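Engineer: Next up is a structure, given as structure tokens.
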Amino acid sequence: MSNAGSAKNVLTSEVEIKGNLKFAGELTFEGKLDGEINSDGTLHLGDSAIINGNINAGTVIVRGKITGNITAKDKIDIKSKTELFGDIRSTKLTIEEGVTFVGKTEVNPNKVAPTAAPRNNTTPPAPPLSTDVSRSNEPAKAGKY
């Protein structure tokens, strides 16, 4: 599934990065990162990956421990045993059984913009009901009227 123009990169569990990471093509990341990841390509996070920061990519296959938001233009695939603490947004989403996920999701395959409820209603509110009712101190009586 690799194009001639795309590169597949691997950063093993021995890699630790403090800062932002940007790549093209495909990346498998198994290490630790304190910072953001940005790409239009495909990011594969391995079981030993620990990410503290936001991820923006074309497609993200998630494993490991992530604390941060994930935004994908195409798809997010969260694999079993992943621990994810953050919000996710994508056009497609898959979550396997056994995932720990604390956050909000936005899945919008048709990229439909949310419609807000109209704030200015053109019809005026109905007038209040008349409260001109005479009251009596006598209890109500049951019977025929």
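Naming scheme: A, B, ... for chains in displayed order of the structure tokens; residues 1 onward per chain; ligands 1 onward as shown.
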Do a neighbour search on Leu21 of chain A at 9 Å with only C-alpha atoms, toss out local chain neighbours closer than 5 positions, and write the hits as a list in words.

Structural biologist: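 The contact residues come out as Leu33, Gly35, Glu36, Ile37, Asn38 and Ser39 of chain A.
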
Engineer: Give the strand (DSSP E or B) residues of segment 20-81 of chain A, as DSSP finds them on the backbone, and put them as a PyMOL selection string.

Structural biologist: chain A and resi 21-22+26-29+32-34+37-38+42-45+50-52+55-62+65-67+70-78

Engineer: Using only C-alpha atoms, can you tell me which of A:Ala49, A:Phe85, A:Val62, A:Asn56 comes closest to Phe23 of chain A?

Structural biologist: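 Counting only C-alpha atoms, the residue closest to Phe23 of chain A is A:Asn56.
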
Engineer: Find the residues near Thr71 of chain A: any atom within 6 Å, counting only C-alpha atoms, skip ones fewer than 4 places away on the same chain, and give them as a list in words.

Structural biologist: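 The filter keeps Asn56, Ile88, Arg89 and Ser90 of chain A.
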
Engineer: With distances taken over only C-alpha atoms, which of A:Ile51, A:Leu84, A:Leu11, A:Ala57 is nearest to Ala24 of chain A?

Structural biologist: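 Of the candidates, the smallest distance to Ala24 of chain A is held by A:Ala57.
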
Engineer: Excluding Thr42 of chain A and any residue of its chain fewer than 4 positions from it, enumerate the residues within 10 Å of it, using only C-alpha atoms, and give them as a ChimeraX atom specification.

Structural biologist: /A:8,23-28,57-61,72,74-76

Engineer: Can you spit out the residues from that selection as a compact mmCIF listing (two decimals), in the first residue's frame, using C-alpha atoms?

Structural biologist:
# COMPACT_ATOMS: atom_id res chain seq x y z
CA LYS A 8 7.95 4.67 5.91
CA PHE A 23 6.80 13.85 9.04
CA ALA A 24 5.62 12.92 5.55
CA GLY A 25 4.36 9.55 4.39
CA GLU A 26 4.08 6.95 7.12
CA LEU A 27 5.57 6.81 10.62
CA THR A 28 5.59 4.07 13.24
CA ALA A 57 -2.50 13.62 10.99
CA GLY A 58 -4.26 12.14 7.99
CA THR A 59 -4.79 8.73 9.63
CA VAL A 60 -3.88 7.68 13.17
CA ILE A 61 -3.66 4.06 14.39
CA ALA A 72 -7.35 13.04 11.83
CA ASP A 74 -9.38 10.59 7.37
CA LYS A 75 -9.54 8.02 10.18
CA ILE A 76 -8.69 7.23 13.80

Engineer: Ranking A:Asp40, A:Lys73, A:Asn20, A:Lys79 by minimum distance to Asn54 of chain A and counting only C-alpha atoms, which one comes first?

Structural biologist: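 For Asn54 of chain A, the nearest of the given residues is A:Asn20.
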